[in-house]
>>> print(open('my_file-v2.tsv').read())   # TSV, C-alpha atoms
chain	number	residue	atom	x	y	z
A	7	MET	CA	42.70	15.01	-17.68
A	8	ALA	CA	40.44	17.91	-18.65
A	9	GLY	CA	36.88	17.64	-17.41
A	10	TYR	CA	37.71	14.90	-14.87
A	11	GLN	CA	37.19	15.15	-11.12
A	12	ARG	CA	37.17	12.47	-8.42
A	13	PHE	CA	37.01	12.66	-4.64
A	14	VAL	CA	35.82	10.74	-1.56
A	15	ALA	CA	33.82	12.32	1.28
A	16	TYR	CA	33.13	10.68	4.63
A	17	VAL	CA	29.49	10.52	5.74
A	18	TYR	CA	28.32	10.97	9.33
A	19	GLU	CA	25.03	10.09	10.96
A	20	TYR	CA	23.06	12.82	12.72
A	21	ARG	CA	21.00	11.88	15.76
A	22	LYS	CA	18.65	14.39	17.35
A	23	GLY	CA	20.21	17.10	15.24
A	24	LYS	CA	23.78	16.41	16.39
A	25	LYS	CA	26.69	14.91	14.50
A	26	ASP	CA	27.39	11.32	15.52
A	27	SER	CA	29.85	8.65	14.38
A	28	SER	CA	31.04	8.03	10.86
A	29	SER	CA	28.91	5.62	8.84
A	30	GLY	CA	30.83	5.36	5.58
A	31	TYR	CA	31.66	7.41	2.54
A	32	VAL	CA	30.51	8.59	-0.87
A	33	ARG	CA	32.72	8.52	-3.96
A	34	VAL	CA	32.02	11.20	-6.56
A	35	GLU	CA	33.45	10.84	-10.05
A	36	ALA	CA	32.74	13.49	-12.70
A	37	ARG	CA	33.89	12.87	-16.23
A	38	ASP	CA	32.86	15.50	-18.78
A	39	ARG	CA	29.06	15.80	-18.47
A	40	ARG	CA	28.51	12.55	-16.56
A	41	CYS	CA	28.62	12.39	-12.76
A	42	LEU	CA	28.60	9.07	-10.87
A	43	ILE	CA	27.92	8.93	-7.12
A	44	GLU	CA	28.64	5.76	-5.13
A	45	VAL	CA	27.17	5.42	-1.63
A	46	HIS	CA	28.74	2.97	0.86
A	47	LEU	CA	27.30	3.16	4.39
A	48	ARG	CA	27.22	0.75	7.34
A	49	CYS	CA	24.48	1.64	9.84
A	50	VAL	CA	24.01	-0.44	12.99
A	51	GLY	CA	20.35	-1.27	13.59
A	52	LEU	CA	19.15	-0.12	10.17
A	53	GLU	CA	16.21	-2.20	8.98
A	54	PRO	CA	16.02	-3.29	5.31
A	55	GLY	CA	13.37	-2.26	2.82
A	56	SER	CA	13.14	1.46	3.60
A	57	ARG	CA	13.45	4.11	0.90
A	58	CYS	CA	16.47	6.42	1.20
A	59	ARG	CA	16.62	9.67	-0.79
A	60	VAL	CA	19.98	11.15	-1.81
A	61	TYR	CA	20.32	14.93	-2.09
A	62	GLY	CA	23.03	17.33	-3.14
A	63	PHE	CA	22.55	20.62	-1.34
A	64	VAL	CA	23.37	24.26	-1.96
A	65	ARG	CA	23.35	26.91	0.75
A	66	ARG	CA	20.92	29.76	0.27
A	67	GLU	CA	19.74	32.28	2.85
A	68	GLY	CA	21.26	30.26	5.68
A	69	LEU	CA	19.37	27.11	4.67
A	70	MET	CA	20.35	23.90	2.88
A	71	ASP	CA	18.27	23.49	-0.26
A	72	GLY	CA	18.37	19.83	-1.23
A	73	ILE	CA	18.36	18.77	-4.88
A	74	LEU	CA	17.02	15.24	-5.22
A	75	ILE	CA	19.54	13.15	-7.17
A	76	GLY	CA	17.89	9.77	-6.70
A	77	SER	CA	16.81	7.17	-4.18
A	78	CYS	CA	17.55	3.58	-3.20
A	79	VAL	CA	16.30	0.88	-0.83
A	80	THR	CA	18.19	0.18	2.38
A	81	GLY	CA	19.67	-3.23	3.09
A	82	ARG	CA	20.18	-4.84	6.47
A	83	GLU	CA	22.41	-2.37	8.34
A	84	GLN	CA	23.76	-0.95	5.08
A	85	ILE	CA	23.06	1.49	2.27
A	86	GLU	CA	24.71	0.68	-1.05
A	87	CYS	CA	23.84	2.31	-4.35
A	88	VAL	CA	25.22	4.04	-7.45
A	89	LEU	CA	23.46	7.12	-8.84
A	90	GLU	CA	24.07	9.08	-12.02
A	91	THR	CA	23.31	12.69	-12.92
A	92	GLU	CA	24.69	15.47	-15.11
A	93	THR	CA	27.75	17.32	-13.86
A	94	GLU	CA	26.45	20.73	-14.93
A	95	ASN	CA	22.78	20.03	-14.22
A	96	ILE	CA	22.55	18.20	-10.90
A	97	GLY	CA	19.10	16.68	-10.51
A	98	ASN	CA	17.89	18.71	-13.52
A	99	MET	CA	17.90	21.84	-11.35
A	100	GLY	CA	20.51	23.79	-13.33
A	101	LYS	CA	23.24	23.59	-10.67
A	102	ASN	CA	26.83	22.54	-11.29
A	103	LEU	CA	28.72	20.04	-9.14
A	104	ARG	CA	30.95	22.91	-8.04
A	105	ASP	CA	27.88	24.67	-6.58
A	106	LEU	CA	27.13	21.87	-4.11
A	107	GLY	CA	28.19	22.23	-0.49
A	108	GLY	CA	27.77	18.52	0.26
A	109	MET	CA	25.29	15.66	0.21
A	110	LEU	CA	22.49	14.42	2.46
A	111	LEU	CA	20.80	11.04	2.77
A	112	ILE	CA	17.36	10.80	4.39
A	113	SER	CA	15.45	7.55	4.91
A	114	ASP	CA	11.71	7.13	5.33
A	115	ALA	CA	12.45	5.45	8.67
A	116	GLY	CA	13.87	8.73	10.03
A	117	GLY	CA	17.60	8.27	9.42
A	118	PHE	CA	19.68	11.33	8.51
A	119	TRP	CA	23.24	11.22	7.16
A	120	GLY	CA	25.34	13.99	5.70
A	121	THR	CA	28.70	15.07	4.37
A	122	GLU	CA	29.99	18.55	3.54
A	123	TRP	CA	32.99	19.76	1.56
A	124	ASP	CA	32.52	23.52	1.97
A	125	ASP	CA	33.83	23.53	5.59
A	126	GLN	CA	30.46	24.61	7.00
A	127	SER	CA	28.48	22.65	9.55
A	128	ILE	CA	25.34	20.68	8.71
A	129	ARG	CA	22.19	21.44	10.68
A	130	PRO	CA	19.36	19.01	9.86
A	131	GLU	CA	16.72	21.53	10.91
A	132	ASN	CA	17.90	23.86	8.11
A	133	PHE	CA	17.20	21.34	5.37
A	134	ARG	CA	14.43	21.86	2.85
A	135	GLU	CA	13.80	20.12	-0.44
A	136	TRP	CA	14.30	22.38	-3.43
A	137	LYS	CA	11.55	21.81	-5.97
A	138	LYS	CA	11.56	23.33	-9.40
A	139	GLU	CA	9.26	26.34	-9.69
A	140	LYS	CA	6.53	26.07	-12.29
A	141	THR	CA	6.45	28.52	-15.17
A	142	GLU	CA	3.41	30.67	-15.98
A	143	LEU	CA	2.66	28.49	-19.00
A	144	GLN	CA	2.64	25.34	-16.83
A	145	LYS	CA	0.37	26.99	-14.26
A	146	LYS	CA	-2.01	28.15	-17.02
A	147	SER	CA	-2.14	24.68	-18.59
A	148	GLU	CA	-2.79	23.07	-15.20
A	149	LYS	CA	-5.60	25.55	-14.53
A	150	THR	CA	-7.14	24.84	-17.94
A	151	GLY	CA	-6.88	21.12	-17.32
A	152	ILE	CA	-8.64	21.46	-13.97
A	153	GLU	CA	-11.48	23.46	-15.55
A	154	LYS	CA	-11.88	20.87	-18.33
A	155	ALA	CA	-11.91	18.07	-15.79
A	156	GLY	CA	-14.61	19.86	-13.80
A	157	ALA	CA	-16.78	20.29	-16.91
A	158	GLU	CA	-16.35	16.61	-17.79
A	159	ASP	CA	-17.34	15.58	-14.25
A	160	GLN	CA	-20.53	17.66	-14.43
A	161	LYS	CA	-21.42	16.17	-17.84
A	162	ASN	CA	-20.82	12.63	-16.62
A	163	GLN	CA	-22.88	13.26	-13.50
A	164	LYS	CA	-25.86	14.47	-15.57
A	165	GLU	CA	-25.68	11.37	-17.78
A	166	ALA	CA	-25.46	9.16	-14.71
A	167	ASP	CA	-28.51	10.84	-13.17
A	168	LYS	CA	-30.38	10.35	-16.42
A	169	ILE	CA	-29.54	6.66	-16.54
A	170	MET	CA	-30.44	6.15	-12.87
A	171	THR	CA	-33.94	7.70	-13.37
A	172	VAL	CA	-36.60	4.93	-13.35
A	173	GLU	CA	-40.05	5.59	-14.81
A	174	GLU	CA	-43.05	4.25	-12.89
A	175	VAL	CA	-45.02	1.43	-14.56
A	176	PRO	CA	-48.86	1.43	-14.25
A	177	GLU	CA	-50.33	-1.37	-12.22
A	178	GLU	CA	-52.35	-2.61	-15.20
A	179	GLU	CA	-49.23	-3.09	-17.26
A	180	GLU	CA	-47.56	-4.87	-14.36
A	181	GLY	CA	-50.56	-7.17	-14.03
A	182	ILE	CA	-50.59	-7.88	-17.76
A	183	SER	CA	-46.89	-8.67	-17.63
A	184	ALA	CA	-47.43	-11.04	-14.71
A	185	ARG	CA	-50.30	-12.82	-16.47
A	186	MET	CA	-48.24	-13.17	-19.63
A	187	ILE	CA	-45.42	-14.74	-17.65
A	188	ASN	CA	-47.80	-17.21	-15.98
A	189	GLN	CA	-49.30	-18.14	-19.36
A	190	GLU	CA	-45.87	-18.73	-20.82
A	191	ALA	CA	-45.04	-20.94	-17.87
A	192	LYS	CA	-48.17	-23.05	-18.48
A	193	LYS	CA	-46.99	-23.71	-22.03
A	194	VAL	CA	-44.06	-25.77	-20.78
A	195	PRO	CA	-44.66	-29.48	-21.58
A	196	GLN	CA	-45.39	-31.77	-18.66
A	197	GLU	CA	-42.59	-34.12	-19.59
A	198	ASP	CA	-40.04	-31.30	-19.11
A	199	ARG	CA	-41.09	-30.73	-15.52
A	200	VAL	CA	-39.52	-32.61	-12.59
A	201	VAL	CA	-42.31	-33.96	-10.37
A	202	PRO	CA	-41.10	-35.63	-7.15
A	203	GLU	CA	-42.70	-38.91	-6.14
A	204	GLU	CA	-44.48	-39.25	-2.83
A	205	ASN	CA	-42.02	-41.73	-1.37
A	206	GLU	CA	-38.87	-39.76	-2.24
A	207	LEU	CA	-36.94	-38.05	0.53
A	208	GLU	CA	-34.44	-35.16	0.60
A	209	VAL	CA	-31.96	-34.78	3.44
A	210	SER	CA	-31.50	-31.19	4.53
A	211	GLU	CA	-28.24	-29.66	5.69
A	212	ALA	CA	-29.26	-30.41	9.28
A	213	GLY	CA	-29.64	-34.10	8.43
A	214	HIS	CA	-33.48	-34.21	8.68
A	215	PRO	CA	-35.41	-35.78	5.81
A	216	HIS	CA	-38.16	-33.80	4.04
A	217	LEU	CA	-41.05	-35.30	2.10
A	218	GLY	CA	-41.67	-34.43	-1.51
A	219	HIS	CA	-38.07	-33.81	-2.63
A	220	PRO	CA	-35.70	-35.96	-4.67
A	221	HIS	CA	-33.10	-37.98	-2.81
A	222	PRO	CA	-29.51	-37.03	-3.63
A	223	GLY	CA	-28.27	-40.61	-3.68
A	224	PRO	CA	-28.07	-43.87	-1.74
A	225	VAL	CA	-27.42	-43.59	1.97
A	226	PRO	CA	-24.09	-45.26	2.88
A	227	ARG	CA	-24.34	-48.18	5.28
A	228	PRO	CA	-22.43	-47.88	8.57
A	229	PRO	CA	-19.47	-50.24	9.02
A	230	GLU	CA	-20.36	-53.56	10.62
A	231	PRO	CA	-18.79	-54.30	14.01
A	232	PRO	CA	-16.32	-57.22	14.17
A	233	CYS	CA	-17.66	-60.61	15.10
A	234	PRO	CA	-16.99	-61.94	18.61
A	235	GLY	CA	-13.52	-63.38	18.79
A	236	GLN	CA	-12.38	-61.57	15.68
A	237	LEU	CA	-9.89	-58.72	16.06
A	238	HIS	CA	-10.41	-55.45	14.28
A	239	PRO	CA	-7.77	-55.02	11.55
A	240	GLY	CA	-5.21	-52.35	12.40
A	241	PRO	CA	-1.91	-51.07	11.03
A	242	ARG	CA	0.76	-53.65	10.59
A	243	PRO	CA	3.70	-53.50	13.01
A	244	PRO	CA	7.12	-52.88	11.47
A	245	GLU	CA	8.81	-56.05	10.33
A	246	PRO	CA	11.90	-57.09	12.30
A	247	PRO	CA	15.20	-57.02	10.41
A	248	ARG	CA	16.08	-60.17	8.56
A	249	PRO	CA	19.06	-62.25	9.68
A	250	GLY	CA	22.19	-60.85	8.14
A	251	HIS	CA	20.45	-57.56	7.23
A	252	PRO	CA	20.80	-55.12	10.11
A	253	HIS	CA	18.22	-52.38	10.43
A	254	PRO	CA	19.50	-49.17	8.86
A	255	GLY	CA	20.13	-46.56	11.53
A	256	PRO	CA	20.34	-42.78	11.21
A	257	ARG	CA	23.04	-41.46	8.94
A	258	PRO	CA	26.10	-40.08	10.68
A	259	PRO	CA	26.28	-36.27	10.70
A	260	ARG	CA	28.29	-34.65	7.92
A	261	PRO	CA	31.52	-32.96	8.85
A	262	PRO	CA	31.05	-29.25	9.49
A	263	HIS	CA	33.29	-28.23	6.60
A	264	PRO	CA	35.67	-29.96	4.21
A	265	ALA	CA	39.34	-30.11	5.06
A	266	LEU	CA	40.30	-26.81	3.48
A	267	GLY	CA	43.66	-25.14	3.76
A	268	ILE	CA	46.42	-25.82	6.24
A	269	PRO	CA	45.94	-26.38	10.01
A	270	TYR	CA	47.11	-23.33	11.90
A	271	ASP	CA	46.73	-21.94	15.44
A	272	PRO	CA	47.52	-18.22	15.58
A	273	PHE	CA	46.12	-17.61	19.10
A	274	ASN	CA	47.23	-20.55	21.27
A	275	ASP	CA	44.52	-19.89	23.87
A	276	GLY	CA	41.87	-22.48	22.98
A	277	GLN	CA	39.08	-19.95	22.41
A	278	PHE	CA	39.18	-20.45	18.65
A	279	THR	CA	39.55	-24.04	17.42
A	280	ASP	CA	39.87	-25.87	14.08
A	281	CYS	CA	41.80	-22.91	12.68
A	282	ARG	CA	43.07	-23.16	9.13
A	283	LYS	CA	44.84	-20.96	6.64
A	284	ILE	CA	42.66	-20.62	3.55
A	285	LYS	CA	42.50	-18.64	0.30
A	286	PRO	CA	39.78	-16.31	-1.00
A	287	SER	CA	38.68	-18.98	-3.49
A	288	ASP	CA	37.81	-21.26	-0.54
A	289	CYS	CA	35.07	-18.88	0.64
A	290	SER	CA	32.72	-19.92	-2.16
A	291	THR	CA	33.50	-23.59	-1.43
A	292	LEU	CA	32.30	-23.21	2.16
A	293	CYS	CA	28.92	-21.77	1.22
A	294	ARG	CA	27.48	-19.79	-1.64
A	295	LYS	CA	26.30	-17.13	0.80
A	296	ASN	CA	29.95	-16.33	1.55
A	297	GLY	CA	30.99	-16.04	-2.09
A	298	CYS	CA	30.70	-12.26	-1.90
A	299	PHE	CA	33.85	-12.22	0.26
A	300	CYS	CA	35.88	-13.32	-2.76
A	301	ASN	CA	35.40	-9.87	-4.33
A	302	ASN	CA	35.78	-7.98	-1.06
A	303	ARG	CA	38.62	-5.47	-1.44
A	304	PHE	CA	39.40	-5.57	2.26
A	305	VAL	CA	39.78	-9.36	2.10
A	306	MET	CA	41.99	-9.17	-0.97
A	307	TYR	CA	44.13	-6.46	0.65
A	308	GLY	CA	44.79	-8.64	3.72
A	309	TYR	CA	45.43	-11.71	1.59
A	310	GLN	CA	47.94	-9.92	-0.65
A	311	ASN	CA	49.87	-8.57	2.34
A	312	PHE	CA	49.96	-11.73	4.48
A	313	GLY	CA	49.32	-14.55	2.01
A	314	HIS	CA	46.37	-16.19	3.78
A	315	LEU	CA	42.95	-15.84	5.39
A	316	LEU	CA	41.76	-17.55	8.57
A	317	LEU	CA	38.88	-19.97	9.15
A	318	CYS	CA	38.08	-20.93	12.77
A	319	ARG	CA	35.31	-21.91	15.16
A	320	ASN	CA	34.53	-20.39	18.54
A	321	HIS	CA	33.38	-22.24	21.66
A	322	ARG	CA	29.75	-22.09	20.46
A	323	GLY	CA	30.58	-23.79	17.18
A	324	GLN	CA	30.12	-20.64	15.11
A	325	TYR	CA	32.45	-20.21	12.18
A	326	ILE	CA	34.45	-17.06	11.69
A	327	LEU	CA	36.38	-15.67	8.76
A	328	GLY	CA	39.49	-13.67	9.67
A	329	VAL	CA	41.53	-11.20	7.66
A	330	PRO	CA	45.09	-10.53	8.90
A	331	GLY	CA	46.00	-6.92	9.51
A	332	SER	CA	46.84	-4.26	12.09
A	333	TYR	CA	44.73	-2.41	14.60
A	334	SER	CA	44.35	1.33	14.06
A	335	GLN	CA	41.47	3.77	13.76
A	336	GLN	CA	41.77	3.91	9.99
A	337	GLU	CA	41.99	0.11	9.72
A	338	ARG	CA	39.04	-0.23	12.08
A	339	PHE	CA	36.97	2.08	9.91
A	340	MET	CA	37.77	0.13	6.74
A	341	ALA	CA	37.16	-3.23	8.43
A	342	ASN	CA	33.71	-2.11	9.62
A	343	MET	CA	33.00	-0.75	6.19
A	344	PHE	CA	33.50	-4.15	4.60
A	345	GLY	CA	31.74	-6.20	7.27
A	346	PHE	CA	34.53	-7.22	9.68
A	347	PRO	CA	33.65	-5.51	12.98
A	348	TYR	CA	35.73	-7.65	15.41
A	349	PHE	CA	39.48	-7.82	16.06
A	350	ARG	CA	41.67	-10.34	17.91
A	351	GLU	CA	45.35	-9.82	18.51
A	352	SER	CA	47.70	-12.60	17.41
A	353	PRO	CA	51.45	-13.03	18.05
A	354	GLU	CA	51.75	-14.58	14.57
A	355	ILE	CA	50.97	-11.28	12.81
A	356	HIS	CA	53.97	-8.99	13.22
A	357	ILE	CA	53.35	-5.26	12.76
A	358	PRO	CA	56.40	-3.05	13.48
A	359	GLY	CA	55.42	-0.55	16.18
A	360	GLY	CA	51.80	-1.68	16.10
A	361	LYS	CA	49.34	-4.37	17.08
A	362	GLY	CA	48.79	-7.26	14.67
A	363	GLY	CA	45.96	-9.75	14.53
A	364	TYR	CA	42.80	-10.65	12.64
A	365	TRP	CA	39.71	-8.67	11.76
A	366	TYR	CA	36.90	-11.22	11.64
A	367	CYS	CA	33.17	-11.77	11.18
A	368	PHE	CA	30.76	-14.69	11.56
A	369	ILE	CA	29.83	-16.68	8.46
A	370	ASN	CA	27.32	-19.40	7.57
A	371	VAL	CA	28.79	-22.80	6.74
>>> encode(input="my_file-v2.tsv", output="structure tokens")
Amino acid sequence: MAGYQRFVAYVYEYRKGKKDSSSGYVRVEARDRRCLIEVHLRCVGLEPGSRCRVYGFVRREGLMDGILIGSCVTGREQIECVLETETENIGNMGKNLRDLGGMLLISDAGGFWGTEWDDQSIRPENFREWKKEKTELQKKSEKTGIEKAGAEDQKNQKEADKIMTVEEVPEEEEGISARMINQEAKKVPQEDRVVPEENELEVSEAGHPHLGHPHPGPVPRPPEPPCPGQLHPGPRPPEPPRPGHPHPGPRPPRPPHPALGIPYDPFNDGQFTDCRKIKPSDCSTLCRKNGCFCNNRFVMYGYQNFGHLLLCRNHRGQYILGVPGSYSQQERFMANMFGFPYFRESPEIHIPGGKGGYWYCFINV
């Protein structure tokens, strides 16, 4: 198809400037003028909530000039996002997808990941963000705007100084004003004034009464002590159960999970118990939090090849979800990618010339 390009590039983490283990991959799909970039990384120890910027880089003068394509927020030990840009104008910097030498991901927490497809090494110290240079017209308009802003600030400051200036008032005028206020106060009718009686008391915040102030209300009387021989009323004791009506006890604990699937023991060593063969549709029945496994391509791949998934418990009572498959470096990479970091060999999974078993992870039930 003309104008169509698609490829996958593996992404590696760089620690202290050196290339470390693989963390995942990016999928780039360019169709005509539209370019989609999918990021799928698994990063052990990565904290959620940190901003991660995604760059495409071009090599110039021995350096890697990064073109900002977009950014996303990290999840718990993962980075998942989809970004879109123009194939012939990556990040609005006028560069074509063919001009890129690779991609870089940099988090605010200090993480650095990279992939290259020009067969040249990545050196984090050679990275610099490529920002678009401003034209002379933009610089001139910015300079004019700064000058206008400065003139406005000076004008506003003068008006503020003018408002803050207070003229002095002669003492005679102040005295006249005071006398006028006192005369106006004398015009208030006597019946509108509140005159406290001599025998009224006011209780201060400290609890001491003061003469000459209104009382806020009646003083509550203290509770009377019980008469001799009379018991003070207290809370009633619980009534004993009636004959023929036993006291309801605590409810029995619910079973850990419904009887899903078919009982099955693929290990025969007692370390994993209550094992059952289940289907992908049973994952959402166990718990809504595990419903995402139903759309997991790694889960569906194992289910299509072997016809079942595995649900077990370990000796601590933790539940595990197992996907049948083989052990190899490529399979290990894919299993880690989709959240299944552990493997246990099983004689029930037959792989010609290889090691068969289950890739598994812990789930909440």
>>> closest_residue(input="my_file-v2.tsv", among="A:Arg129, A:Arg40, A:Lys283, A:Arg21", to="Leu89 (chain A)", atoms="all atoms listed in the file")
A:Arg40
>>> atom_distance(input="my_file-v2.tsv", atom1="CA of Ile112 (chain A)", atom2="CA of Phe13 (chain A)")
21.7 Å
>>> residues_around(input="my_file-v2.tsv", residues="Arg134 (chain A)", least_positions_apart="6", cutoff="7 Å", atoms="all atoms listed in the file", output="ChimeraX atom specification")
/A:70-72
>>> atom_distance(input="my_file-v2.tsv", atom1="CA of Tyr18 (chain A)", atom2="CA of Glu122 (chain A)")
9.7 Å
>>> residues_around(input="my_file-v2.tsv", residues="Ser127 (chain A)", least_positions_apart="4", cutoff="12 Å", atoms="only C-alpha atoms", output="PDB file with C-alpha atoms, in the frame of the given file")
ATOM      1  CA  TYR A  18      28.320  10.970   9.330  1.00  0.00           C
ATOM      2  CA  TYR A  20      23.060  12.820  12.720  1.00  0.00           C
ATOM      3  CA  GLY A  23      20.210  17.100  15.240  1.00  0.00           C
ATOM      4  CA  LYS A  24      23.780  16.410  16.390  1.00  0.00           C
ATOM      5  CA  LYS A  25      26.690  14.910  14.500  1.00  0.00           C
ATOM      6  CA  ARG A  65      23.350  26.910   0.750  1.00  0.00           C
ATOM      7  CA  GLY A  68      21.260  30.260   5.680  1.00  0.00           C
ATOM      8  CA  LEU A  69      19.370  27.110   4.670  1.00  0.00           C
ATOM      9  CA  MET A  70      20.350  23.900   2.880  1.00  0.00           C
ATOM     10  CA  GLY A 107      28.190  22.230  -0.490  1.00  0.00           C
ATOM     11  CA  GLY A 108      27.770  18.520   0.260  1.00  0.00           C
ATOM     12  CA  GLY A 120      25.340  13.990   5.700  1.00  0.00           C
ATOM     13  CA  THR A 121      28.700  15.070   4.370  1.00  0.00           C
ATOM     14  CA  GLU A 122      29.990  18.550   3.540  1.00  0.00           C
ATOM     15  CA  TRP A 123      32.990  19.760   1.560  1.00  0.00           C
ATOM     16  CA  GLU A 131      16.720  21.530  10.910  1.00  0.00           C
ATOM     17  CA  ASN A 132      17.900  23.860   8.110  1.00  0.00           C
TER      18      ASN A 132
END
>>> atom_distance(input="my_file-v2.tsv", atom1="CA of Met99 (chain A)", atom2="CA of Arg37 (chain A)")
19.0 Å
>>> residues_around(input="my_file-v2.tsv", residues="Gly267 (chain A)", least_positions_apart="4", cutoff="9 Å", atoms="all atoms listed in the file", output="MDAnalysis selection string")
chainID A and resid 282:285 288 317
>>> closest_residue(input="my_file-v2.tsv", among="A:Ser29, A:Thr93, A:Asn342, A:Asn274", to="Phe304 (chain A)", atoms="all atoms listed in the file")
A:Asn342
>>> residues_around(input="my_file-v2.tsv", residues="Leu327 (chain A)", least_positions_apart="6", cutoff="8 Å", atoms="all atoms listed in the file", output="NGL selection string")
:A and (315-318 or 366-369)
>>> residues_near_point(input="my_file-v2.tsv", point="(17.4, -2.1, 4.2)", cutoff="12 Å", atoms="only C-alpha atoms", output="PyMOL selection string")
chain A and resi 47-58+78-87+113-115+117
>>> closest_residue(input="my_file-v2.tsv", among="A:Gln277, A:Ser77, A:Asn370, A:Gln11", to="Glu90 (chain A)", atoms="only C-alpha atoms")
A:Ser77
>>> closest_residue(input="my_file-v2.tsv", among="A:Met340, A:Pro272, A:Gln310, A:Pro286", to="Glu354 (chain A)", atoms="only C-alpha atoms")
A:Pro272
>>> residues_near_point(input="my_file-v2.tsv", point="(42.4, -7.3, 6.2)", cutoff="9 Å", atoms="all atoms listed in the file", output="VMD selection string")
chain A and resid 303 to 309 311 to 312 315 328 to 332 337 340 to 341 346 364 to 366
>>> build_atoms(input="my_file-v2.tsv", residues="region 322-339 of chain A", atoms="N, CA and C atoms", output="tab-separated table (two decimals), keeping the file's coordinate frame")
chain	number	residue	atom	x	y	z
A	322	ARG	N	31.15	-21.78	20.75
A	322	ARG	CA	29.75	-22.09	20.46
A	322	ARG	C	29.58	-22.85	19.15
A	323	GLY	N	30.66	-23.10	18.46
A	323	GLY	CA	30.58	-23.79	17.18
A	323	GLY	C	30.34	-22.89	16.00
A	324	GLN	N	30.32	-21.57	16.21
A	324	GLN	CA	30.12	-20.64	15.11
A	324	GLN	C	31.41	-20.46	14.33
A	325	TYR	N	31.28	-20.39	13.03
A	325	TYR	CA	32.45	-20.21	12.18
A	325	TYR	C	32.74	-18.73	11.99
A	326	ILE	N	34.02	-18.43	11.92
A	326	ILE	CA	34.45	-17.06	11.69
A	326	ILE	C	35.42	-17.04	10.52
A	327	LEU	N	35.42	-15.92	9.82
A	327	LEU	CA	36.38	-15.67	8.76
A	327	LEU	C	37.24	-14.49	9.18
A	328	GLY	N	38.56	-14.69	9.21
A	328	GLY	CA	39.49	-13.67	9.67
A	328	GLY	C	40.38	-13.16	8.56
A	329	VAL	N	40.64	-11.85	8.61
A	329	VAL	CA	41.53	-11.20	7.66
A	329	VAL	C	42.71	-10.63	8.44
A	330	PRO	N	43.93	-11.04	8.14
A	330	PRO	CA	45.09	-10.53	8.90
A	330	PRO	C	45.31	-9.04	8.61
A	331	GLY	N	45.73	-8.34	9.67
A	331	GLY	CA	46.00	-6.92	9.51
A	331	GLY	C	46.43	-6.30	10.82
A	332	SER	N	46.42	-5.00	10.88
A	332	SER	CA	46.84	-4.26	12.09
A	332	SER	C	45.65	-3.52	12.67
A	333	TYR	N	45.79	-3.15	13.93
A	333	TYR	CA	44.73	-2.41	14.60
A	333	TYR	C	45.09	-0.93	14.64
A	334	SER	N	44.23	-0.13	14.02
A	334	SER	CA	44.35	1.33	14.06
A	334	SER	C	42.96	1.90	13.77
A	335	GLN	N	42.78	3.18	13.99
A	335	GLN	CA	41.47	3.77	13.76
A	335	GLN	C	41.10	3.71	12.27
A	336	GLN	N	42.07	3.97	11.42
A	336	GLN	CA	41.77	3.91	9.99
A	336	GLN	C	41.46	2.48	9.55
A	337	GLU	N	42.24	1.52	10.06
A	337	GLU	CA	41.99	0.11	9.72
A	337	GLU	C	40.65	-0.35	10.28
A	338	ARG	N	40.33	0.12	11.47
A	338	ARG	CA	39.04	-0.23	12.08
A	338	ARG	C	37.88	0.30	11.24
A	339	PHE	N	38.01	1.50	10.74
A	339	PHE	CA	36.97	2.08	9.91
A	339	PHE	C	36.78	1.27	8.63
